[in-house]
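Each remark here refers to the structure printed beneath this line.
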Amino acid sequence: MSKVQDYNSRLSDPASRKMGTFSYLPPMDDAQIRKQVEWIVKHGWNPAIEHTEPEYAMSNFWYMWKLPMFGETDVDVILAELKACHEANPDNHVRLIGYNNFSQSQGANMVVYRGTPV
């Protein structure tokens, strides 16, 4: 039997908290974030951006950055909005969401910029 790796994620330590599958990987660089945005656009999903303070990351409520980008297919526009949200809220987590029109649900949801824990 293989050994399972333990991730020291504790509620008492905001820096250790994990948010979804990608949070167990090293932070994404710009090229990797671009690939995720391209995938969302390729599947015809609507991108949206949200942000929140690290201490409230486990809450169901995140602040919406502008409106969802319904029908946006320009990857550079979406990346510019992600960057603008991060620059306007440098201490907040920023996540990218891909809304699936057909299932009317989130098809993708990932934190692309991690804020500074309190």
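All residue names refer to the structure tokens as shown: chains lettered A, B, ... in order, residues numbered from 1 in each chain, ligands numbered from 1 in order.
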
### Query
What lies within 8 Å of Ala108 (chain A) using only C-alpha atoms, ignoring chain neighbours under 3 positions off, as a ChimeraX atom specification?
/A:40,96-99

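For region 37-93 of chain A, backbone-based DSSP assignment of strand (DSSP E) covers Asn46, Pro47, Ala48, Ile49, Glu50, His51, Thr52, Tyr63, Met64 and His93 of chain A.
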
### Task
Take CA of Asn100 (chain A) and CA of Asn46 (chain A) and report the distance between them in Å, one decimal.
6.8 Å

### Task
Enter the distance from CA of Thr73 (chain A) to CA of Val41 (chain A), in Å, rounded to one decimal.
5.7 Å
